[in-house]
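Structure file input-v2.csv (CSV, N, CA, C and O atoms and all ligand atoms) follows.
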```csv
chain,number,residue,atom,x,y,z
W,18,MET,N,142.8,107.1,85.3
W,18,MET,CA,142.4,106.1,84.3
W,18,MET,C,141.1,106.5,83.6
W,18,MET,O,140.0,106.5,84.3
W,19,PRO,N,141.2,106.8,82.4
W,19,PRO,CA,140.0,107.2,81.7
W,19,PRO,C,139.0,106.1,81.5
W,19,PRO,O,139.4,105.0,81.1
W,20,ARG,N,137.7,106.4,81.7
W,20,ARG,CA,136.7,105.4,81.6
W,20,ARG,C,136.3,105.4,80.1
W,20,ARG,O,135.9,106.3,79.5
W,21,GLU,N,136.4,104.2,79.5
W,21,GLU,CA,136.1,104.0,78.1
W,21,GLU,C,134.6,103.9,78.0
W,21,GLU,O,133.9,103.2,78.7
W,22,LEU,N,134.1,104.7,77.1
W,22,LEU,CA,132.6,104.7,76.8
W,22,LEU,C,132.3,103.6,75.8
W,22,LEU,O,132.9,103.5,74.8
W,23,ILE,N,131.4,102.8,76.2
W,23,ILE,CA,130.9,101.7,75.4
W,23,ILE,C,130.0,102.3,74.3
W,23,ILE,O,129.0,102.9,74.7
W,24,PRO,N,130.3,102.1,73.0
W,24,PRO,CA,129.5,102.7,72.0
W,24,PRO,C,128.1,102.0,71.9
W,24,PRO,O,127.9,100.9,72.3
W,25,CYS,N,127.2,102.8,71.3
W,25,CYS,CA,125.9,102.3,71.0
W,25,CYS,C,126.0,101.3,69.8
W,25,CYS,O,126.9,101.5,68.9
W,26,PRO,N,125.2,100.4,69.6
W,26,PRO,CA,124.1,100.0,70.6
W,26,PRO,C,124.7,99.0,71.6
W,26,PRO,O,125.3,98.0,71.2
W,27,SER,N,124.3,99.1,72.8
W,27,SER,CA,124.7,98.1,73.8
W,27,SER,C,123.9,98.3,75.1
W,27,SER,O,123.3,99.4,75.2
W,28,GLU,N,123.9,97.3,75.9
W,28,GLU,CA,123.1,97.5,77.1
W,28,GLU,C,123.7,98.6,78.0
W,28,GLU,O,123.0,99.4,78.6
W,29,ALA,N,125.0,98.6,78.0
W,29,ALA,CA,125.7,99.7,78.8
W,29,ALA,C,125.3,101.0,78.3
W,29,ALA,O,125.1,102.0,79.1
W,30,ALA,N,125.3,101.2,77.0
W,30,ALA,CA,125.0,102.5,76.4
W,30,ALA,C,123.6,102.8,76.7
W,30,ALA,O,123.2,104.0,76.9
W,31,TYR,N,122.7,101.8,76.6
W,31,TYR,CA,121.3,102.1,76.9
W,31,TYR,C,121.1,102.6,78.3
W,31,TYR,O,120.4,103.6,78.6
W,32,ARG,N,121.8,102.0,79.3
W,32,ARG,CA,121.7,102.4,80.6
W,32,ARG,C,122.4,103.8,80.8
W,32,ARG,O,121.9,104.6,81.6
W,33,ARG,N,123.4,104.1,80.0
W,33,ARG,CA,124.1,105.4,80.1
W,33,ARG,C,123.1,106.5,79.6
W,33,ARG,O,123.0,107.5,80.2
W,34,HIS,N,122.3,106.2,78.6
W,34,HIS,CA,121.3,107.1,78.1
W,34,HIS,C,120.4,107.4,79.3
W,34,HIS,O,120.1,108.6,79.6
W,35,LEU,N,119.9,106.4,79.9
W,35,LEU,CA,118.9,106.6,81.0
W,35,LEU,C,119.6,107.3,82.2
W,35,LEU,O,119.0,108.2,82.8
W,36,ALA,N,120.8,107.0,82.5
W,36,ALA,CA,121.5,107.6,83.6
W,36,ALA,C,121.7,109.1,83.3
W,36,ALA,O,121.7,109.9,84.3
W,37,HIS,N,121.8,109.5,82.1
W,37,HIS,CA,122.0,110.9,81.7
W,37,HIS,C,120.7,111.6,81.5
W,37,HIS,O,120.6,112.7,81.2
W,38,GLY,N,119.6,110.8,81.8
W,38,GLY,CA,118.3,111.4,81.7
W,38,GLY,C,117.9,111.6,80.2
W,38,GLY,O,117.0,112.4,79.9
W,39,GLU,N,118.6,110.8,79.3
W,39,GLU,CA,118.2,110.9,77.9
W,39,GLU,C,117.3,109.8,77.5
W,39,GLU,O,117.2,108.8,78.2
W,40,GLU,N,116.7,110.0,76.4
W,40,GLU,CA,115.9,108.9,75.8
W,40,GLU,C,116.9,108.0,75.0
W,40,GLU,O,117.6,108.6,74.2
W,41,PRO,N,116.9,106.7,75.3
W,41,PRO,CA,117.8,105.9,74.6
W,41,PRO,C,117.6,106.0,73.1
W,41,PRO,O,116.5,106.1,72.6
W,42,CYS,N,118.7,106.0,72.3
W,42,CYS,CA,118.6,106.1,70.9
W,42,CYS,C,118.0,104.8,70.3
W,42,CYS,O,118.0,103.8,71.0
W,43,PRO,N,117.5,104.9,69.1
W,43,PRO,CA,116.8,103.7,68.5
W,43,PRO,C,117.6,102.5,68.5
W,43,PRO,O,117.1,101.4,68.8
W,44,GLU,N,118.9,102.6,68.2
W,44,GLU,CA,119.8,101.4,68.2
W,44,GLU,C,119.8,100.7,69.6
W,44,GLU,O,119.7,99.5,69.7
W,45,CYS,N,120.0,101.6,70.6
W,45,CYS,CA,120.0,101.0,72.0
W,45,CYS,C,118.7,100.4,72.4
W,45,CYS,O,118.6,99.4,73.0
W,46,ARG,N,117.6,101.1,72.0
W,46,ARG,CA,116.3,100.6,72.3
W,46,ARG,C,116.1,99.3,71.7
W,46,ARG,O,115.6,98.3,72.3
W,47,ALA,N,116.4,99.2,70.4
W,47,ALA,CA,116.3,97.9,69.7
W,47,ALA,C,117.1,96.8,70.3
W,47,ALA,O,116.6,95.7,70.5
W,48,GLY,N,118.3,97.1,70.7
W,48,GLY,CA,119.2,96.1,71.3
W,48,GLY,C,118.7,95.7,72.7
W,48,GLY,O,118.7,94.5,73.0
W,49,ASN,N,118.2,96.7,73.4
W,49,ASN,CA,117.7,96.4,74.8
W,49,ASN,C,116.4,95.5,74.6
W,49,ASN,O,116.2,94.6,75.4
W,50,LEU,N,115.6,95.8,73.6
W,50,LEU,CA,114.4,95.1,73.4
W,50,LEU,C,114.7,93.6,73.1
W,50,LEU,O,114.1,92.7,73.6
W,51,ALA,N,115.7,93.5,72.2
W,51,ALA,CA,116.1,92.1,71.8
W,51,ALA,C,116.7,91.4,73.0
W,51,ALA,O,116.4,90.2,73.2
W,52,ASN,N,117.4,92.1,73.9
W,52,ASN,CA,118.0,91.4,75.1
W,52,ASN,C,116.8,91.0,76.0
W,52,ASN,O,116.8,89.9,76.5
W,53,ASN,N,115.8,91.9,76.1
W,53,ASN,CA,114.7,91.5,77.0
W,53,ASN,C,114.0,90.3,76.5
W,53,ASN,O,113.6,89.4,77.3
W,54,GLN,N,113.8,90.2,75.2
W,54,GLN,CA,113.1,89.1,74.6
W,54,GLN,C,113.9,87.8,74.8
W,54,GLN,O,113.4,86.8,75.1
W,55,LEU,N,115.3,87.9,74.6
W,55,LEU,CA,116.1,86.8,74.9
W,55,LEU,C,116.0,86.3,76.3
W,55,LEU,O,115.9,85.1,76.6
W,56,ASP,N,116.1,87.3,77.2
W,56,ASP,CA,116.0,87.0,78.6
W,56,ASP,C,114.6,86.3,78.9
W,56,ASP,O,114.6,85.3,79.6
W,57,TRP,N,113.6,86.8,78.3
W,57,TRP,CA,112.3,86.3,78.5
W,57,TRP,C,112.2,84.9,78.0
W,57,TRP,O,111.7,84.0,78.7
W,58,GLN,N,112.7,84.6,76.8
W,58,GLN,CA,112.7,83.3,76.3
W,58,GLN,C,113.5,82.4,77.1
W,58,GLN,O,113.1,81.2,77.4
W,59,ALA,N,114.7,82.8,77.5
W,59,ALA,CA,115.6,82.0,78.3
W,59,ALA,C,114.9,81.6,79.6
W,59,ALA,O,115.0,80.4,80.0
W,60,SER,N,114.3,82.6,80.3
W,60,SER,CA,113.7,82.3,81.6
W,60,SER,C,112.5,81.3,81.4
W,60,SER,O,112.2,80.5,82.3
W,61,ARG,N,111.9,81.5,80.3
W,61,ARG,CA,110.7,80.6,80.0
W,61,ARG,C,111.2,79.2,79.8
W,61,ARG,O,110.6,78.2,80.3
W,62,ILE,N,112.3,79.0,79.1
W,62,ILE,CA,112.9,77.7,78.8
W,62,ILE,C,113.3,77.1,80.2
W,62,ILE,O,113.1,75.9,80.5
W,63,VAL,N,114.0,77.9,81.0
W,63,VAL,CA,114.5,77.4,82.3
W,63,VAL,C,113.3,77.0,83.1
W,63,VAL,O,113.3,75.9,83.8
W,64,ALA,N,112.3,77.8,83.1
W,64,ALA,CA,111.1,77.5,83.9
W,64,ALA,C,110.5,76.2,83.4
W,64,ALA,O,110.1,75.3,84.2
W,65,ALA,N,110.4,76.0,82.1
W,65,ALA,CA,109.9,74.7,81.5
W,65,ALA,C,110.7,73.6,81.9
W,65,ALA,O,110.2,72.5,82.3
W,66,MET,N,112.0,73.7,81.9
W,66,MET,CA,112.9,72.6,82.3
W,66,MET,C,112.7,72.3,83.8
W,66,MET,O,112.7,71.2,84.2
W,67,THR,N,112.7,73.4,84.6
W,67,THR,CA,112.5,73.2,86.0
W,67,THR,C,111.2,72.4,86.3
W,67,THR,O,111.1,71.5,87.1
W,68,HIS,N,110.2,72.8,85.5
W,68,HIS,CA,108.8,72.2,85.7
W,68,HIS,C,108.9,70.7,85.4
W,68,HIS,O,108.4,69.9,86.1
W,69,THR,N,109.6,70.4,84.2
W,69,THR,CA,109.7,69.0,83.8
W,69,THR,C,110.5,68.2,84.9
W,69,THR,O,110.1,67.1,85.2
W,70,ASP,N,111.6,68.8,85.4
W,70,ASP,CA,112.3,68.2,86.4
W,70,ASP,C,111.5,67.8,87.6
W,70,ASP,O,111.5,66.8,88.2
W,71,THR,N,110.7,68.8,88.0
W,71,THR,CA,109.8,68.7,89.2
W,71,THR,C,108.8,67.6,89.0
W,71,THR,O,108.6,66.7,89.8
W,72,GLU,N,108.2,67.6,87.8
W,72,GLU,CA,107.2,66.6,87.4
W,72,GLU,C,107.8,65.2,87.4
W,72,GLU,O,107.3,64.2,87.9
W,73,ALA,N,109.0,65.1,86.8
W,73,ALA,CA,109.7,63.8,86.7
W,73,ALA,C,110.0,63.3,88.1
W,73,ALA,O,109.8,62.1,88.4
W,74,GLY,N,110.4,64.2,89.0
W,74,GLY,CA,110.7,63.8,90.4
W,74,GLY,C,109.5,63.4,91.1
W,74,GLY,O,109.5,62.4,91.8
W,75,THR,N,108.3,64.0,90.8
W,75,THR,CA,107.1,63.7,91.5
W,75,THR,C,106.6,62.3,91.0
W,75,THR,O,106.2,61.5,91.8
W,76,SER,N,106.6,62.1,89.7
W,76,SER,CA,106.1,60.8,89.2
W,76,SER,C,107.1,59.7,89.6
W,76,SER,O,106.7,58.5,89.6
W,77,ASP,N,108.3,60.0,89.8
W,77,ASP,CA,109.3,59.0,90.3
W,77,ASP,C,108.9,58.5,91.6
W,77,ASP,O,109.1,57.3,91.9
W,78,VAL,N,108.3,59.3,92.4
W,78,VAL,CA,108.0,58.9,93.8
W,78,VAL,C,106.7,58.1,93.9
W,78,VAL,O,106.2,57.3,93.3
Q,1,ZN,ZN,122.5,104.6,72.3
```
Starting from the coordinates I provided, produce the structure as structure tokens.
Amino acid sequence: MPRELIPCPSEAAYRRHLAHGEEPCPECRAGNLANNQLDWQASRIVAAMTHTDTEAGTSDV
């Protein structure tokens, strides 16, 4: 079963570059950077929501 190569730009392709000891191409780097920023924003929002939940629970008591 031939393994299909995921074309650039993608996170898989970015990792493939790294796995091959290559420098990720600009498209992959840009995509990975965008992903990281999304992850960062998402985790920040989740943290804020968790914080709010905790505070609401504390003030409820
Ligand atoms: Zn690439």
Check which residues of chain W sit at most 8 Å from ligand ZN 1 (chain Q) using all atoms listed in the file, and return one row each with the closest pair of atoms and their distance in Å to one decimal, ordered by chain and rising number, as a Markdown table.
```
| residue | atom | partner | partner_atom | distance |
| --- | --- | --- | --- | --- |
| W:Ile23 | O | Q:ZN1 | ZN | 7.1 |
| W:Pro24 | C | Q:ZN1 | ZN | 6.2 |
| W:Cys25 | CA | Q:ZN1 | ZN | 4.3 |
| W:Pro26 | CA | Q:ZN1 | ZN | 5.2 |
| W:Ser27 | N | Q:ZN1 | ZN | 5.8 |
| W:Ala29 | C | Q:ZN1 | ZN | 7.5 |
| W:Ala30 | O | Q:ZN1 | ZN | 4.7 |
| W:Tyr31 | N | Q:ZN1 | ZN | 5.1 |
| W:Arg32 | N | Q:ZN1 | ZN | 7.5 |
| W:Arg33 | C | Q:ZN1 | ZN | 7.6 |
| W:His34 | CA | Q:ZN1 | ZN | 6.4 |
| W:Glu40 | O | Q:ZN1 | ZN | 6.6 |
| W:Pro41 | C | Q:ZN1 | ZN | 5.2 |
| W:Cys42 | N | Q:ZN1 | ZN | 4.0 |
| W:Pro43 | N | Q:ZN1 | ZN | 5.9 |
| W:Glu44 | C | Q:ZN1 | ZN | 5.5 |
| W:Cys45 | N | Q:ZN1 | ZN | 4.3 |
| W:Arg46 | N | Q:ZN1 | ZN | 6.0 |
```
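The interatomic distance for the pair atom CA of W:Arg20 and atom CA of W:Ala47 works out to 24.8 Å.
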Inset, instruction - Go through chain W and collect every residue that DSSP, computed from the backbone, puts in alpha helix (DSSP H); the answer should be as an MDAnalysis selection string. - result: chainID W and resid 28:36 43:77
Inset, instruction - Have a look at atom N of W:Asn49 and atom N of W:Leu35 and let me know their distance in Å, one decimal. - result: 11.8 Å
